[in-house]
Structure formats: structure tokens, C-alpha cells
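Asker: Got model.txt for you, compact mmCIF, C-alpha atoms:
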# COMPACT_ATOMS: atom_id res chain seq x y z
CA MET A 20 -9.97 19.17 13.62
CA CYS A 21 -7.32 20.44 11.23
CA ASN A 22 -4.56 23.00 11.44
CA ARG A 23 -5.78 26.38 10.13
CA ASP A 24 -2.30 27.38 8.96
CA VAL A 25 -2.02 24.22 6.88
CA ILE A 26 -5.42 24.84 5.27
CA SER A 27 -4.56 28.48 4.64
CA SER A 28 -1.25 27.66 2.99
CA ALA A 29 -2.99 25.05 0.85
CA VAL A 30 -5.68 27.50 -0.26
CA ALA A 31 -3.08 30.16 -0.98
CA ARG A 32 -1.18 27.66 -3.11
CA PHE A 33 -4.12 27.41 -5.53
CA PHE A 34 -5.50 30.94 -5.25
CA PRO A 35 -2.75 33.56 -5.14
CA ASN A 36 -3.51 37.15 -4.12
CA ILE A 37 -6.69 36.24 -2.22
CA GLY A 38 -7.38 37.32 1.36
CA ILE A 39 -7.48 33.95 3.09
CA PRO A 40 -9.56 34.87 6.19
CA SER A 41 -12.58 35.78 4.05
CA PHE A 42 -12.14 33.05 1.47
CA GLU A 43 -14.63 30.28 2.11
CA PRO A 44 -15.23 27.03 0.24
CA THR A 45 -18.19 26.93 -2.09
CA ARG A 46 -18.99 23.42 -0.94
CA ILE A 47 -17.90 21.03 1.83
CA VAL A 48 -18.72 17.34 1.42
CA PRO A 49 -18.25 14.81 4.24
CA LEU A 50 -17.92 11.27 2.98
CA TYR A 51 -16.60 7.79 3.66
CA PHE A 52 -13.93 6.59 1.28
CA PRO A 53 -13.53 2.78 1.00
CA ALA A 54 -10.10 1.17 1.22
CA TRP A 55 -8.31 -2.10 1.89
CA VAL A 56 -5.60 -2.51 4.52
CA PHE A 57 -3.41 -5.50 3.74
CA ASP A 58 -0.46 -7.54 4.94
CA ALA A 59 1.21 -10.11 2.71
CA GLU A 60 4.25 -12.28 2.32
CA LEU A 61 4.89 -13.23 -1.30
CA ARG A 62 7.31 -15.62 -2.94
CA GLY A 63 8.16 -15.96 -6.60
CA ASN A 64 10.85 -16.60 -9.15
CA VAL A 65 13.41 -13.94 -9.93
CA ARG A 66 16.60 -13.56 -11.89
CA TYR A 67 19.21 -11.89 -9.73
CA GLN A 68 22.79 -11.28 -10.79
CA ASP A 69 22.28 -13.72 -13.69
CA VAL A 70 21.06 -16.51 -11.39
CA GLU A 71 17.52 -17.93 -11.42
CA ARG A 72 16.18 -18.39 -7.88
CA GLU A 73 13.23 -17.89 -5.56
CA ALA A 74 12.77 -14.74 -3.51
CA VAL A 75 10.43 -13.69 -0.71
CA VAL A 76 9.15 -10.22 0.19
CA GLN A 77 7.04 -8.98 3.09
CA LEU A 78 4.57 -6.14 2.60
CA GLN A 79 3.07 -4.72 5.78
CA ASP A 80 0.58 -1.97 6.60
CA GLY A 81 -0.36 -1.82 2.94
CA TYR A 82 -3.04 0.55 1.65
CA LEU A 83 -5.11 -0.16 -1.46
CA PRO A 84 -7.87 2.28 -2.45
CA GLY A 85 -11.25 0.57 -2.43
CA SER A 86 -12.58 2.94 -5.06
CA ASN A 87 -11.21 4.28 -8.33
CA PHE A 88 -12.79 7.67 -7.59
CA ASP A 89 -10.65 10.26 -9.38
CA VAL A 90 -7.85 12.00 -7.52
CA ILE A 91 -8.51 10.61 -4.03
CA SER A 92 -7.61 7.11 -5.21
CA SER A 93 -4.13 8.23 -6.29
CA VAL A 94 -2.84 9.08 -2.81
CA PRO A 95 -2.63 7.03 0.41
CA ILE A 96 -4.89 8.55 3.06
CA TRP A 97 -4.44 5.96 5.82
CA SER A 98 -1.66 5.02 8.20
CA PRO A 99 -1.71 2.58 11.14
CA GLU A 100 -0.99 5.40 13.63
CA GLY A 101 -2.69 8.25 11.79
CA THR A 102 -6.10 8.63 13.43
CA THR A 103 -7.41 10.02 16.71
CA ALA A 104 -10.71 8.14 16.72
CA GLU A 105 -11.06 4.50 17.70
CA ASP A 106 -11.97 2.05 14.97
CA GLN A 107 -15.67 1.32 14.91
CA PRO A 108 -17.59 -1.52 13.28
CA TRP A 109 -19.86 -0.35 10.50
CA SER A 110 -23.48 0.53 11.19
CA THR A 111 -26.04 2.61 9.35
CA ASP A 112 -26.00 5.05 12.27
CA LEU A 113 -22.64 6.29 10.98
CA MET A 114 -24.35 7.62 7.87
CA ASN A 115 -25.62 10.55 9.92
CA GLN A 116 -23.20 12.62 11.98
CA TYR A 117 -24.28 15.66 13.97
CA GLY A 118 -27.49 15.84 11.97
CA GLN A 119 -25.75 15.74 8.60
CA GLU A 120 -26.04 12.95 6.04
CA ILE A 121 -22.68 11.45 5.06
CA SER A 122 -22.04 10.17 1.55
CA CYS A 123 -20.39 6.76 1.19
CA LEU A 124 -18.54 5.78 -1.97
CA PRO A 125 -19.06 2.14 -3.01
CA PHE A 126 -16.26 -0.40 -3.28
CA THR A 127 -15.18 -0.68 -6.91
CA VAL A 128 -11.82 -2.34 -6.26
CA HIS A 129 -11.65 -6.02 -5.29
CA PRO A 130 -8.12 -6.95 -4.15
CA LEU A 131 -8.29 -10.66 -5.02
CA SER A 132 -9.44 -10.26 -8.61
CA GLY A 133 -8.27 -6.70 -9.23
CA LEU A 134 -4.61 -7.26 -8.37
CA ARG A 135 -4.37 -9.84 -11.13
CA ALA A 136 -4.14 -6.85 -13.45
CA LEU A 137 -0.59 -6.41 -12.16
CA GLU A 138 0.66 -9.82 -13.36
CA PRO A 139 1.85 -8.49 -16.77
CA TRP A 140 3.95 -5.84 -15.06
CA LYS A 141 7.71 -6.11 -15.46
CA PRO A 142 9.09 -4.37 -12.39
CA GLU A 143 12.61 -3.04 -12.82
CA PHE A 144 13.46 -1.37 -9.53
CA PHE A 145 16.90 -2.73 -8.61
CA SER A 146 19.97 -3.29 -10.75
CA GLY A 147 20.42 -6.91 -11.81
CA LEU A 148 17.04 -8.02 -10.42
CA HIS A 149 14.18 -9.18 -12.63
CA VAL A 150 10.94 -10.36 -11.02
CA TYR A 151 8.61 -12.81 -12.79
CA THR A 152 5.33 -11.45 -11.44
CA ASN A 153 3.27 -14.27 -12.96
CA THR A 154 5.02 -16.72 -10.58
CA MET A 155 4.14 -14.83 -7.41
CA LYS A 156 2.33 -16.86 -4.73
CA ALA A 157 1.24 -15.87 -1.25
CA ASN A 158 2.75 -17.47 1.84
CA LEU A 159 0.07 -15.43 3.56
CA ALA A 160 -2.13 -12.56 2.42
CA VAL A 161 -4.99 -10.78 4.14
CA PHE A 162 -7.12 -7.80 3.08
CA ARG A 163 -9.29 -5.85 5.51
CA PRO A 164 -12.02 -3.44 4.29
CA ILE A 165 -12.29 -0.07 5.99
CA LEU A 166 -14.19 3.18 5.45
CA ILE A 167 -12.20 6.36 5.93
CA PRO A 168 -14.05 9.53 7.07
CA MET A 169 -13.05 12.47 4.89
CA TYR A 170 -13.83 16.08 4.11
CA LEU A 171 -13.81 17.46 0.57
CA ALA A 172 -13.80 21.24 0.23
CA GLN A 173 -14.32 22.85 -3.16
CA TYR A 174 -13.04 26.36 -3.79
CA GLU A 175 -13.62 28.77 -6.62
CA ALA A 176 -12.37 32.30 -7.20
CA GLU A 177 -13.00 34.80 -9.93
CA THR A 178 -10.15 36.14 -12.05
CA GLN A 179 -9.81 39.40 -13.93
CA ILE A 180 -10.94 37.59 -17.07
CA PRO A 181 -14.77 37.38 -17.26
CA GLY A 182 -16.05 33.81 -17.10
CA GLU A 183 -12.68 32.39 -16.09
CA ASN A 184 -12.38 31.10 -12.51
CA ARG A 185 -9.69 29.34 -10.53
CA GLN A 186 -10.98 26.06 -9.05
CA ALA A 187 -9.48 23.64 -6.59
CA THR A 188 -10.48 20.80 -4.31
CA LEU A 189 -8.88 20.15 -0.94
CA PHE A 190 -9.44 16.90 0.92
CA MET A 191 -8.28 15.39 4.18
CA HIS A 192 -8.76 12.52 6.59
CA ALA A 193 -11.46 13.72 9.00
CA ALA A 194 -9.88 11.96 12.00
CA SER A 195 -6.21 12.53 11.18
CA LYS A 196 -3.86 13.42 14.02
CA ASP A 197 -1.61 15.51 11.82
CA ALA A 198 -4.27 17.06 9.58
CA THR A 199 -2.59 16.36 6.26
CA VAL A 200 -4.32 18.30 3.51
CA TYR A 201 -4.28 17.26 -0.14
CA GLY A 202 -4.97 19.73 -2.92
CA TYR A 203 -5.91 19.32 -6.54
CA ARG A 204 -6.53 21.90 -9.24
CA ALA A 205 -9.44 20.94 -11.46
CA PRO A 206 -8.63 20.60 -15.19
CA SER A 207 -11.33 23.20 -15.91
CA SER A 208 -9.61 25.74 -13.65
CA TYR A 209 -8.12 28.87 -15.13
CA THR A 210 -4.32 28.80 -15.13
CA ASP A 211 -1.68 31.17 -16.35
CA GLU A 212 2.10 31.38 -16.29
CA TYR A 213 2.05 32.27 -12.62
CA ASP A 214 0.19 29.07 -11.76
CA ARG A 215 2.40 26.90 -13.91
CA GLY A 216 5.52 28.43 -12.42
CA LEU A 217 4.15 27.88 -8.95
CA ASP A 218 3.43 24.26 -9.84
CA GLU A 219 7.04 23.68 -10.80
CA PHE A 220 8.24 25.46 -7.68
CA SER A 221 5.95 23.32 -5.50
CA LYS A 222 7.27 20.14 -7.07
CA THR A 223 10.80 21.34 -6.44
CA LEU A 224 9.89 21.77 -2.78
CA LYS A 225 8.38 18.25 -2.91
CA PHE A 226 4.82 19.27 -2.10
CA ALA A 227 3.89 16.66 -4.72
CA PRO A 228 4.02 13.21 -3.05
CA SER A 229 5.41 11.75 -6.28
CA PRO A 230 6.90 13.32 -9.43
CA ASN A 231 4.08 11.79 -11.49
CA SER A 232 1.31 13.03 -9.17
CA GLU A 233 -1.03 15.93 -9.86
CA VAL A 234 -2.04 16.04 -6.20
CA TYR A 235 -0.24 18.22 -3.68
CA CYS A 236 0.35 17.21 -0.09
CA PHE A 237 0.53 19.70 2.78
CA GLY A 238 1.62 17.76 5.84
CA PRO A 239 3.04 14.34 6.73
CA ARG A 240 2.91 11.78 3.93
CA ASP A 241 1.62 8.27 4.28
CA LYS A 242 2.84 5.35 2.20
CA PHE A 243 0.95 2.87 0.07
CA VAL A 244 2.98 0.05 1.59
CA ASN A 245 5.81 -0.65 3.99
CA VAL A 246 8.24 -3.15 2.48
CA SER A 247 9.49 -4.67 5.71
CA THR A 248 12.05 -7.04 4.24
CA PHE A 249 13.34 -8.81 1.14
CA SER A 250 15.03 -12.20 1.20
CA LEU A 251 17.89 -11.19 -1.11
CA SER A 252 20.96 -9.17 -0.21
CA PRO A 253 21.31 -6.27 0.32
CA PRO A 254 17.80 -6.40 1.88
CA ARG A 255 17.57 -2.74 2.93
CA ASP A 256 18.60 -1.40 -0.45
CA ILE A 257 16.27 -3.74 -2.34
CA SER A 258 13.36 -3.03 0.04
CA LYS A 259 13.85 0.72 -0.31
CA ALA A 260 14.00 0.47 -4.10
CA LEU A 261 10.87 -1.70 -4.21
CA SER A 262 9.01 0.69 -1.91
CA SER A 263 9.91 3.65 -4.13
CA TRP A 264 8.79 1.77 -7.22
CA ILE A 265 5.44 0.84 -5.63
CA GLU A 266 4.86 4.45 -4.61
CA TRP A 267 5.60 5.61 -8.15
CA LYS A 268 3.18 3.10 -9.70
CA MET A 269 0.35 3.68 -7.22
CA HIS A 270 0.52 7.47 -7.54
CA ASP A 271 -0.10 7.01 -11.26
CA PRO A 272 -3.90 7.46 -11.67
CA ASP A 273 -3.98 4.82 -14.42
CA THR A 274 -2.88 2.08 -12.00
CA ILE A 275 -6.01 2.07 -9.83
CA GLN A 276 -8.15 2.26 -12.95
CA GLU A 277 -6.50 -0.94 -14.24
CA ILE A 278 -7.10 -2.66 -10.90
CA ALA A 279 -10.73 -1.53 -10.80
CA SER A 280 -11.33 -2.72 -14.37
CA ALA A 281 -10.05 -6.18 -13.44
CA SER A 282 -12.10 -6.33 -10.23
CA ASN A 283 -14.95 -8.78 -10.22
CA PHE A 284 -17.25 -8.72 -7.20
CA GLU A 285 -19.56 -11.41 -8.58
CA SER A 286 -17.03 -14.24 -9.08
CA SER A 287 -15.87 -14.19 -5.45
CA VAL A 288 -18.21 -13.46 -2.57
CA VAL A 289 -16.24 -11.13 -0.32
CA ASP A 290 -17.65 -12.42 2.96
CA SER A 291 -16.86 -16.09 2.18
CA ASP A 292 -13.16 -15.76 1.33
CA PRO A 293 -10.99 -16.10 4.47
CA ARG A 294 -8.41 -13.72 3.01
CA ILE A 295 -10.99 -10.94 3.36
CA ARG A 296 -11.19 -10.27 7.09
CA GLU A 297 -12.62 -7.74 9.49
CA TYR A 298 -10.23 -5.01 10.60
CA ASP A 299 -9.46 -6.34 14.06
CA PRO A 300 -6.29 -5.27 15.95
CA ASP A 301 -5.94 -8.64 17.70
CA ASP A 302 -6.33 -10.53 14.44
CA ARG A 303 -3.76 -8.26 12.80
CA SER A 304 -1.29 -8.80 15.65
CA GLN A 305 -1.28 -12.55 14.95
CA VAL A 306 -0.24 -11.86 11.37
CA GLU A 307 2.38 -9.36 12.50
CA ASP A 308 3.88 -11.89 14.94
CA TRP A 309 4.08 -14.54 12.21
CA MET A 310 5.71 -12.10 9.81
CA GLU A 311 8.22 -10.97 12.45
CA VAL A 312 9.44 -14.56 12.81
CA GLY A 313 9.66 -14.71 9.02
CA HIS A 314 11.79 -11.56 9.09
CA GLU A 315 14.24 -13.24 11.48
CA LEU A 316 14.24 -16.41 9.42
CA MET A 317 15.15 -14.53 6.24
CA MET A 318 18.01 -12.84 8.06
CA VAL A 319 19.41 -16.21 9.15
CA HIS A 320 19.02 -17.53 5.59
CA ARG A 321 21.00 -14.60 4.20
CA ILE A 322 23.84 -15.03 6.73
CA LEU A 323 24.04 -18.77 6.08
CA GLU A 324 24.03 -18.22 2.35
CA ARG A 325 26.84 -15.70 2.60
CA ILE A 326 28.99 -17.96 4.80
CA ASN A 327 28.44 -20.96 2.53
CA GLU A 328 29.45 -18.87 -0.49
CA GLN A 329 32.65 -17.87 1.28
CA MET A 330 33.37 -21.46 2.32
CA ALA A 331 32.81 -22.67 -1.23
CA SER A 332 35.21 -20.05 -2.60
CA ILE A 333 37.90 -21.18 -0.15
CA GLY A 334 37.36 -24.86 -0.93
CA ASP A 335 39.29 -27.49 0.99
CA ASP A 336 41.27 -24.82 2.79
CA ALA A 337 38.19 -23.59 4.63
CA PRO A 338 38.95 -23.36 8.39
CA ASN A 339 37.30 -25.96 10.62
CA HIS A 340 36.35 -23.36 13.22
CA MET A 341 33.71 -22.05 10.80
CA GLN A 342 31.69 -25.23 11.27
CA ALA A 343 30.51 -24.20 14.75
CA PRO A 344 28.77 -20.94 13.74
CA ILE A 345 27.29 -22.69 10.71
CA LYS A 346 25.78 -25.38 12.95
CA ASN A 347 24.44 -22.71 15.32
CA LEU A 348 22.82 -20.86 12.45
CA GLU A 349 21.33 -24.08 11.07
CA SER A 350 19.93 -24.83 14.52
CA SER A 351 18.43 -21.32 14.72
CA GLU A 352 16.98 -21.78 11.24
CA LYS A 353 15.26 -24.99 12.32
CA GLU A 354 13.89 -23.43 15.52
CA LEU A 355 12.57 -20.38 13.71
CA SER A 356 10.92 -22.52 11.03
CA GLN A 357 9.14 -24.50 13.74
CA LYS A 358 8.14 -21.34 15.62
CA ARG A 359 6.80 -19.81 12.44
CA GLN A 360 4.74 -22.88 11.64
CA GLU A 361 3.22 -22.78 15.14
CA ALA A 362 2.49 -19.04 14.82
CA LEU A 363 0.66 -19.43 11.51
CA PRO A 364 -2.90 -18.11 11.97
CA GLU A 365 -5.43 -20.92 12.08
CA TRP A 366 -7.66 -19.35 9.44
CA TRP A 367 -4.76 -19.38 6.94
CA ARG A 368 -3.90 -22.98 7.80
CA GLU A 369 -7.50 -23.94 7.05
CA TYR A 370 -7.41 -21.94 3.81
CA GLN A 371 -4.27 -23.81 2.70
CA LEU A 372 -5.89 -27.17 3.40
CA THR A 373 -8.97 -26.15 1.42
CA GLN A 374 -6.82 -25.04 -1.52
CA GLU A 375 -4.85 -28.31 -1.45
CA GLN A 376 -8.07 -30.31 -1.44
CA GLU A 377 -9.45 -28.33 -4.38
CA ASP A 378 -6.20 -28.82 -6.30
CA ASN A 379 -6.33 -32.57 -5.66
CA ASP A 380 -9.97 -32.71 -6.77
CA ASP A 381 -9.09 -30.84 -9.96
CA LYS A 382 -6.24 -33.24 -10.71
CA ALA A 383 -8.47 -36.23 -10.01
CA GLY A 384 -11.14 -34.84 -12.34
CA THR A 385 -8.59 -34.18 -15.06
CA GLY A 386 -7.19 -37.69 -14.77
CA SER A 387 -10.59 -39.38 -14.98
CA SER A 388 -11.58 -37.41 -18.07
Output the structure of this file as C-alpha cells.
Answerer:
Amino acid sequence: MCNRDVISSAVARFFPNIGIPSFEPTRIVPLYFPAWVFDAELRGNVRYQDVEREAVVQLQDGYLPGSNFDVISSVPIWSPEGTTAEDQPWSTDLMNQYGQEISCLPFTVHPLSGLRALEPWKPEFFSGLHVYTNTMKANLAVFRPILIPMYLAQYEAETQIPGENRQATLFMHAASKDATVYGYRAPSSYTDEYDRGLDEFSKTLKFAPSPNSEVYCFGPRDKFVNVSTFSLSPPRDISKALSSWIEWKMHDPDTIQEIASASNFESSVVDSDPRIREYDPDDRSQVEDWMEVGHELMMVHRILERINEQMASIGDDAPNHMQAPIKNLESSEKELSQKRQEALPEWWREYQLTQEQEDNDDKAGTGSS
């Protein structure tokens, strides 16, 4: 199920001068790790190049750990193309595989309440851009719970110093195509100058998925989120910068602890909120289609904005032949807006209507009091 050379190199990384073929883990633990797969389009107020305006960002194929379990929660262990097994609906039969009981970590992270912990953040990821996170609203957001099959292997080796042992834990997605292995040296493990030098060398070679991560990655690296587009120009540069910033924050172990602390499973029943949905490929494809139209619409907006800026700078001397492409773009903008409205998933349309009705009821109650 996993590449032996990758495992061997990972073990050798933590236990130098040990004959790998005879070095066996002291314990192997199969388990299910909970997580949330999400797609979202967010809008909010920003200050960009000294101008206050609204911006929109699309986040697709996002991964949010469903547990704040140490170490594992600080790396993304899921990708949309990263497994060999077909997705299966949950059943208690999955708790026993090949005669072995499988542990299952509980969900301790609730995306709807937990992510509110991020509102005080002041993201600074692109020059001249300031995001007011407390203004962020969702044009659409959906979170899908999944359980990821994993193996944890614990290793321990004696040193020449009595009572001092080197310790490490390796873990991997049990159904991963590419058999990425993650390694972590336990804080109680014996270390010396050799280990610390090797740590620095490994970071130089970028075995660490992030400079602030204590976990090492041996194989392809997944992302916490794919920032598909940003409404402001230059979209690729801003999206890349935002993606890097998100990766940095999510690899920080304190981040998931903050989200877990803010999570409240009692105030919102998971099964009753339409934003919490079963992981269904067909259901996801509807969201992807809607977001793809949004991607095109943002591109048209940016082109129109740029042309109008140029026309305004020219003033009365602006050439008349520019009116034709402007009208074509405005026509495309209208068509895409209509297409996007028609492609909006019905469950989100119903959710919006429910929210509007609740807002109206609240205003009516406030007025009568």
C-alpha cells in the first residue's frame, strides 16, 4: 500500500545509523481521522491601493481538519484526486477491517462556529491590500464531513546513552495513490547535534511542508485550500499570495486549536444546517459549475473595470470604437450573471430565503419592542 523506499528514507531520517530492513515499528495504529472538505465563495470589504471597495474570492477543494488531534491536524492529508479507494458512506461495519478494530477520532472542529475564531485575524498577504475579515459573507459555502483512513506507526530506538531513546511517529493516508509519509519526532525523543543539524538540512531541502511546521513530508504535498480566483487585479498574484498565507497559518498548530476552542456542536445541529452536506460527487459538481461561471464573471468584471479606467483617464478624447467592445463585455456580464443565478444550487437558494425570512422576523420583533 505504500512505497517501501519512501518509508525507509523517512525512518532513516529520524533514526540515523540503524539497519532499516530489521527496524520495525513498536506499534501500528489504524484509525479514521475526521475532516471537512469545503468549497466557498466569499465577499467582503477591503482596502486596496488606498481605495475602499468590495472583493470576492473563491476557495475550492478546501481541507479543514475535523479534529485538533496533535500533529496530524497541522498537515493536509486529503486531496480530491489522492485516493485509490471509492468513497463509501459511513457504516459501523467500517470499524472492523480484516479482523482488526479501527479507532475513530471524534469531530472536535465545527466549521460554522469554529471558523468565527478567524474574524479577528488581520491578513497581510499582498502589498497594498488590507482585508476586513469581520465583513466577510458567503455567496455560497458548503462543508462536507469525511473520515480519512490512516496508519500511524510509532518507532523507538535505543542510543548509546542508557535510558535515552530516539522516538518518532510516521503517519500516512491508508488509501493514498502516492503514499505520502509524514514524520514527526516526539518532544521526549533524544536529540543531539547530529539530529538538529539534520533537521536544518531537511528544512533546506524543503522536506518540511512549511517553515513553521515540525512535521516532515516525504512525498507529494497536498494543500489546505486551492484559491481558484480573486476578483482584484492581478488575480493570479493575489491568489498565489493568499494561498501561501493560508498554508502558513494552517500549518501553525495553534490555528486549529483556536478553531476547535471556538467550535460549538450544541448551538447548531450539524444534520439540520444545509451548509453541512454529505460528500457526494454529483452534489459537489453543481457547486463547481456555479463557481466556474463566477470565475468567468469576475474575469469580465476585471476587464471592464480596466477599460473604464483607461477611458476615464483619456476623458473626452476617448475613441468611439472602444464603445463596441465595452457593450459586448457588458452583454457577456449580463448573460453570465443570469447563467450563474440559474446554476445556483437549489439548497442554497432555499437557505438564502430562510435567512432573509429570519432577518425580517428579527427586524419586525425589534421594531415592535
Asker: Excluding same-chain residues fewer than 6 positions from Ala172 in chain A, what lies within 8 Å of it counting only C-alpha atoms, as an MDAnalysis selection string?
Answerer: chainID A and resid 44:48 188:190
Asker: Find the spatial neighbours of range 108-115 of chain A, counting only C-alpha atoms, within a cut-off of 12 Å - ignore same-chain residues fewer than 6 positions away - and output them as a PyMOL selection string.
Answerer: chain A and resi 49-51+53+121-124+164-168+297-299
Asker: Between CA of Leu171 in chain A and CA of Gly216 in chain A, what is the distance in Å, rounded to a tenth?
Answerer: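 Atom-to-atom, CA of Leu171 in chain A to CA of Gly216 in chain A, that is 25.7 Å.
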Asker: Do you know which residues lie at most 12 Å from (-7.5, 22.6, -17.1), with coordinates as in the file and all atoms listed in the file counted, and could you write them as a count of residues only?
Answerer: 17
Asker: Which polymer residues, protein or nucleic acid, are no farther than 12 Å from (11.2, -20.6, 13.4), counting all atoms listed in the file, as a short mmCIF file (atom, residue, chain, number, x, y, z; two decimals) with C-alpha atoms, keeping the file's coordinate frame?
Answerer:
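Now in selection.cif:
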data_model
loop_
_atom_site.label_atom_id
_atom_site.label_comp_id
_atom_site.auth_asym_id
_atom_site.auth_seq_id
_atom_site.Cartn_x
_atom_site.Cartn_y
_atom_site.Cartn_z
CA ASP A 308 3.88 -11.89 14.94
CA TRP A 309 4.08 -14.54 12.21
CA MET A 310 5.71 -12.10 9.81
CA GLU A 311 8.22 -10.97 12.45
CA VAL A 312 9.44 -14.56 12.81
CA GLY A 313 9.66 -14.71 9.02
CA HIS A 314 11.79 -11.56 9.09
CA GLU A 315 14.24 -13.24 11.48
CA LEU A 316 14.24 -16.41 9.42
CA MET A 317 15.15 -14.53 6.24
CA MET A 318 18.01 -12.84 8.06
CA VAL A 319 19.41 -16.21 9.15
CA HIS A 320 19.02 -17.53 5.59
CA LEU A 348 22.82 -20.86 12.45
CA GLU A 349 21.33 -24.08 11.07
CA SER A 350 19.93 -24.83 14.52
CA SER A 351 18.43 -21.32 14.72
CA GLU A 352 16.98 -21.78 11.24
CA LYS A 353 15.26 -24.99 12.32
CA GLU A 354 13.89 -23.43 15.52
CA LEU A 355 12.57 -20.38 13.71
CA SER A 356 10.92 -22.52 11.03
CA GLN A 357 9.14 -24.50 13.74
CA LYS A 358 8.14 -21.34 15.62
CA ARG A 359 6.80 -19.81 12.44
CA GLN A 360 4.74 -22.88 11.64
CA GLU A 361 3.22 -22.78 15.14
CA ALA A 362 2.49 -19.04 14.82
CA LEU A 363 0.66 -19.43 11.51
#
Asker: Hey, can you check how far CA of Pro344 in chain A sits from CA of Pro254 in chain A?
Answerer: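 Computing the Euclidean distance for CA of Pro344 in chain A and CA of Pro254 in chain A yields 21.7 Å.
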Asker: What is the CA of Asp241 in chain A to CA of Lys222 in chain A distance in Å?
Answerer: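 Distance reported for this atom pair: 17.4 Å.
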Asker: Residues at most 9 Å from Val90 in chain A, counting all atoms listed in the file, excluding those fewer than 3 positions away in the same chain, as an mmCIF file with C-alpha atoms, keeping the file's coordinate frame?
Answerer:
data_model
loop_
_atom_site.group_PDB
_atom_site.id
_atom_site.type_symbol
_atom_site.label_atom_id
_atom_site.label_comp_id
_atom_site.auth_asym_id
_atom_site.auth_seq_id
_atom_site.Cartn_x
_atom_site.Cartn_y
_atom_site.Cartn_z
ATOM 1 C CA ASN A 87 -11.210 4.280 -8.330
ATOM 2 C CA SER A 93 -4.130 8.230 -6.290
ATOM 3 C CA VAL A 94 -2.840 9.080 -2.810
ATOM 4 C CA TYR A 203 -5.910 19.320 -6.540
ATOM 5 C CA GLU A 233 -1.030 15.930 -9.860
ATOM 6 C CA VAL A 234 -2.040 16.040 -6.200
ATOM 7 C CA PRO A 272 -3.900 7.460 -11.670
#
Asker: Missing atoms in range 186-206 of chain A need filling: write out N, CA and C atoms for it as a compact mmCIF listing (two decimals), keeping the file's coordinate frame.
Answerer:
# COMPACT_ATOMS: atom_id res chain seq x y z
N GLN A 186 -10.23 27.08 -9.80
CA GLN A 186 -10.98 26.06 -9.05
C GLN A 186 -10.00 25.06 -8.44
N ALA A 187 -10.32 24.64 -7.25
CA ALA A 187 -9.48 23.64 -6.59
C ALA A 187 -10.31 22.86 -5.59
N THR A 188 -9.86 21.64 -5.33
CA THR A 188 -10.48 20.80 -4.31
C THR A 188 -9.43 20.41 -3.29
N LEU A 189 -9.73 20.60 -2.03
CA LEU A 189 -8.88 20.15 -0.94
C LEU A 189 -9.59 19.01 -0.23
N PHE A 190 -8.84 18.00 0.18
CA PHE A 190 -9.44 16.90 0.92
C PHE A 190 -8.49 16.41 1.99
N MET A 191 -9.08 15.83 3.04
CA MET A 191 -8.28 15.39 4.18
C MET A 191 -9.00 14.30 4.95
N HIS A 192 -8.24 13.53 5.68
CA HIS A 192 -8.76 12.52 6.59
C HIS A 192 -9.44 13.26 7.74
N ALA A 193 -10.70 12.96 8.00
CA ALA A 193 -11.46 13.72 9.00
C ALA A 193 -11.03 13.41 10.43
N ALA A 194 -10.31 12.30 10.64
CA ALA A 194 -9.88 11.96 12.00
C ALA A 194 -8.36 11.86 12.09
N SER A 195 -7.67 12.60 11.22
CA SER A 195 -6.21 12.53 11.18
C SER A 195 -5.58 13.31 12.32
N LYS A 196 -4.58 12.72 12.94
CA LYS A 196 -3.86 13.42 14.02
C LYS A 196 -3.12 14.64 13.48
N ASP A 197 -2.50 14.48 12.33
CA ASP A 197 -1.61 15.51 11.82
C ASP A 197 -2.25 16.40 10.76
N ALA A 198 -3.51 16.18 10.46
CA ALA A 198 -4.27 17.06 9.58
C ALA A 198 -3.58 17.29 8.24
N THR A 199 -3.16 16.22 7.59
CA THR A 199 -2.59 16.36 6.26
C THR A 199 -3.68 16.79 5.28
N VAL A 200 -3.38 17.79 4.49
CA VAL A 200 -4.32 18.30 3.51
C VAL A 200 -3.78 18.02 2.12
N TYR A 201 -4.64 17.51 1.25
CA TYR A 201 -4.28 17.26 -0.14
C TYR A 201 -5.02 18.27 -1.01
N GLY A 202 -4.35 18.76 -2.03
CA GLY A 202 -4.97 19.73 -2.92
C GLY A 202 -4.85 19.32 -4.37
N TYR A 203 -5.86 19.68 -5.12
CA TYR A 203 -5.91 19.32 -6.54
C TYR A 203 -6.58 20.44 -7.31
N ARG A 204 -5.93 20.89 -8.38
CA ARG A 204 -6.53 21.90 -9.24
C ARG A 204 -7.32 21.21 -10.34
N ALA A 205 -8.58 21.56 -10.45
CA ALA A 205 -9.44 20.94 -11.46
C ALA A 205 -8.95 21.28 -12.87
N PRO A 206 -9.06 20.32 -13.81
CA PRO A 206 -8.63 20.60 -15.19
C PRO A 206 -9.33 21.80 -15.82
